[in-house]
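What follows is a single structure, written as C-alpha cells, with notes after it.
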Amino acid sequence: MLETTFAPHLPLKASVFIAASIDGFIARPNGDLDWLPTEKDVEGGDLGYQAFMDSDDTVVMGRHTYEKVLGFEGDWPFGGKRVVVLSTRSANIPARLAGQVSWMEGPPHRILERLAAEGARHLYIDGGRTIQAFLQARLIHRLIITRIPVLLGSGIPLFGLLENDVPLRHLRTAAYANGMAQSEYAI
C-alpha cells in the first residue's frame with residue numbers, strides 16, 4: 001500500500017473514479033451533468049465502474065455531490081454500501097437510507113482515521129471539493145479518470161490549486177472508438 005503524508009499507519013486506501021470533460025470539468029457551473037454520455041453511448045460497458053465499486057467498502061462524498069445523487073432517478077446507486085457525506089452541517093438523510101448514509105465533518109486525515117477505526121479499508125472519494133481536499137492532504141492512492149470528448153468552457157473543476165506538485169505514476173490508458181479515454185494513475 002502507498003503511504004500517505006498524514007496517516008501512513010492506517011490500513012486503508014482512498015481512490016477516485018470519475019469522468020471529466022477534456023478541459024477538466026466534472027459538472028457545469030450549476031452542477032448539471034447533462035453532458036455525460038448515457039449507458040447506451042458508452043462503448044465497453046461500464047468502463048470498469050462495477051469492478052471498482054466491488055473493490056471499495058465506503059463512499060466518501062461532499063454534500064453537494066450527495067444532494068445531486070439523491071436527485072437521480074431510479075434506485076440509490078450505492079446499493080448496501082456505506083456512504084459518508086462530508087459537511088459542516090448535518091445532511092438530509094431520507095428514512096430509506098438511514099443506517100447506510102451518515103455525515104461527518106473535519107479535515108481529510110481525521111476522516112480517514114475515524115473511518116479506519118470503524119473498519120473501512122478502501123474508500124471511494126467522490127465530488128470536486130472532496131477530491132481536491134483529499135489530494136491536497138496527499139491521501140488519495142489511485143485516480144481513475146475517464147475523459148469525455150466535450151469542452152464545457154467552465155464548470156466545477158476536477159482539480160484545484162495545490163501547494164505542491166502531486167507526482168503520478170501512469171498505470172494504464174484505454175481509448176475507445178467514441179472518443180473517451182480512461183487513464184489510471186497511482187499517487
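Labels for the C-alpha cells follow display order: chains A, B, ..., residues from 1 in each chain, ligands from 1.
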Per residue of segment 30-101 of chain A within 12 Å of segment 128-131 of chain A, record the nearest atom pair and its distance in Å to one decimal, counting only C-alpha atoms, with rows in chain order and ascending residue number, as a Markdown table.
```
| residue | atom | partner | partner_atom | distance |
| --- | --- | --- | --- | --- |
| A:Gly31 | CA | A:Gly128 | CA | 10.4 |
| A:Val59 | CA | A:Thr130 | CA | 11.3 |
| A:Val60 | CA | A:Thr130 | CA | 8.1 |
| A:Met61 | CA | A:Thr130 | CA | 6.2 |
| A:Gly62 | CA | A:Thr130 | CA | 5.7 |
| A:Arg63 | CA | A:Thr130 | CA | 9.3 |
| A:His64 | CA | A:Gly128 | CA | 9.2 |
| A:Thr65 | CA | A:Gly128 | CA | 8.1 |
| A:Tyr66 | CA | A:Thr130 | CA | 11.3 |
| A:Val84 | CA | A:Thr130 | CA | 11.4 |
| A:Val85 | CA | A:Thr130 | CA | 9.8 |
| A:Leu86 | CA | A:Thr130 | CA | 7.9 |
| A:Ser87 | CA | A:Thr130 | CA | 10.0 |
```
Close residues, Asn30 of chain A itself excluded, 12 Å, only C-alpha atoms, min 3 positions apart in chain, as a short mmCIF file (atom, residue, chain, number, x, y, z; two decimals) with C-alpha atoms, in the first residue's frame:
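Printed below is part-v8.cif as written:
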```cif
data_model
loop_
_atom_site.label_atom_id
_atom_site.label_comp_id
_atom_site.auth_asym_id
_atom_site.auth_seq_id
_atom_site.Cartn_x
_atom_site.Cartn_y
_atom_site.Cartn_z
CA PHE A 25 -14.62 19.91 -15.53
CA ILE A 26 -16.75 17.34 -13.70
CA ALA A 27 -20.00 19.31 -13.90
CA LEU A 33 -24.24 16.52 -15.60
CA ASP A 34 -26.29 16.57 -18.82
CA HIS A 64 -23.28 18.90 -2.98
CA THR A 65 -22.45 15.60 -4.68
CA LYS A 68 -27.04 15.65 -6.69
CA SER A 154 -16.49 26.44 -17.49
CA GLY A 155 -17.82 24.44 -14.61
CA ILE A 156 -16.73 22.63 -11.49
#
```
Give me the residues within 8 Å of segment 180-184 of chain A as a compact mmCIF listing (two decimals) with C-alpha atoms, in the first residue's frame, counting only C-alpha atoms and dropping any in the same chain fewer than 6 places off.
```txt
# COMPACT_ATOMS: atom_id res chain seq x y z
CA ARG A 142 -5.29 5.95 -7.06
CA LEU A 143 -7.02 8.08 -9.70
CA ILE A 144 -9.15 6.61 -12.50
CA ILE A 145 -10.23 9.43 -14.79
CA THR A 146 -12.41 8.96 -17.86
CA ARG A 147 -12.09 11.90 -20.27
CA ILE A 148 -15.31 12.64 -22.14
CA PRO A 149 -14.81 14.22 -25.59
CA HIS A 170 0.79 6.08 -15.00
CA LEU A 171 -0.67 2.58 -14.76
CA ARG A 172 -2.77 2.32 -17.90
CA THR A 173 -4.80 4.17 -20.51
CA ALA A 174 -7.61 2.76 -22.64
```
Mind checking DSSP for chain A and telling me the strand (DSSP E or B) residues as a VMD selection string?
chain A and resid 13 to 21 25 to 27 58 to 62 82 to 86 98 101 to 104 122 to 126 142 to 148 156 to 157 169 to 175 181 to 186
In segment 105-141 of chain A, DSSP alpha helix (DSSP H) residues written as a PyMOL selection string:
chain A and resi 108-117+128-136
Written selection (C-alpha atoms) as a PDB file, in the first residue's frame:
```pdb
ATOM      1  CA  PRO A 108      -9.455  14.657   5.479  1.00  0.00           C
ATOM      2  CA  HIS A 109      -6.801  12.958   7.635  1.00  0.00           C
ATOM      3  CA  ARG A 110      -9.197  12.926  10.631  1.00  0.00           C
ATOM      4  CA  ILE A 111     -11.974  11.495   8.442  1.00  0.00           C
ATOM      5  CA  LEU A 112      -9.602   8.708   7.341  1.00  0.00           C
ATOM      6  CA  GLU A 113      -8.560   7.983  10.913  1.00  0.00           C
ATOM      7  CA  ARG A 114     -12.201   7.736  12.021  1.00  0.00           C
ATOM      8  CA  LEU A 115     -13.203   5.520   9.122  1.00  0.00           C
ATOM      9  CA  ALA A 116     -10.180   3.247   9.619  1.00  0.00           C
ATOM     10  CA  ALA A 117     -11.080   2.916  13.304  1.00  0.00           C
ATOM     11  CA  GLY A 128     -14.962  18.004  -6.724  1.00  0.00           C
ATOM     12  CA  ARG A 129     -14.141  19.730  -3.439  1.00  0.00           C
ATOM     13  CA  THR A 130     -13.795  16.431  -1.597  1.00  0.00           C
ATOM     14  CA  ILE A 131     -11.369  15.023  -4.171  1.00  0.00           C
ATOM     15  CA  GLN A 132      -9.398  18.275  -4.104  1.00  0.00           C
ATOM     16  CA  ALA A 133      -9.188  18.281  -0.287  1.00  0.00           C
ATOM     17  CA  PHE A 134      -8.023  14.648  -0.139  1.00  0.00           C
ATOM     18  CA  LEU A 135      -5.463  15.290  -2.915  1.00  0.00           C
ATOM     19  CA  GLN A 136      -4.191  18.388  -1.129  1.00  0.00           C
TER      20      GLN A 136
END
```
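As for atom CA of Gly99 of chain A and atom CA of Ala137 of chain A, they are spaced 28.4 Å apart.
The gap separating atom CA of Asp126 of chain A from atom CA of Ala19 of chain A is 10.6 Å, in Å to one decimal.
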From atom CA of Leu158 of chain A to atom CA of Ala20 of chain A the spacing works out at 7.0 Å
Out of A:Gly45, A:Gly119, A:Pro29, A:Pro94, which residue has the shortest atom-to-atom distance to Leu12 of chain A when counting only C-alpha atoms?
A:Gly119
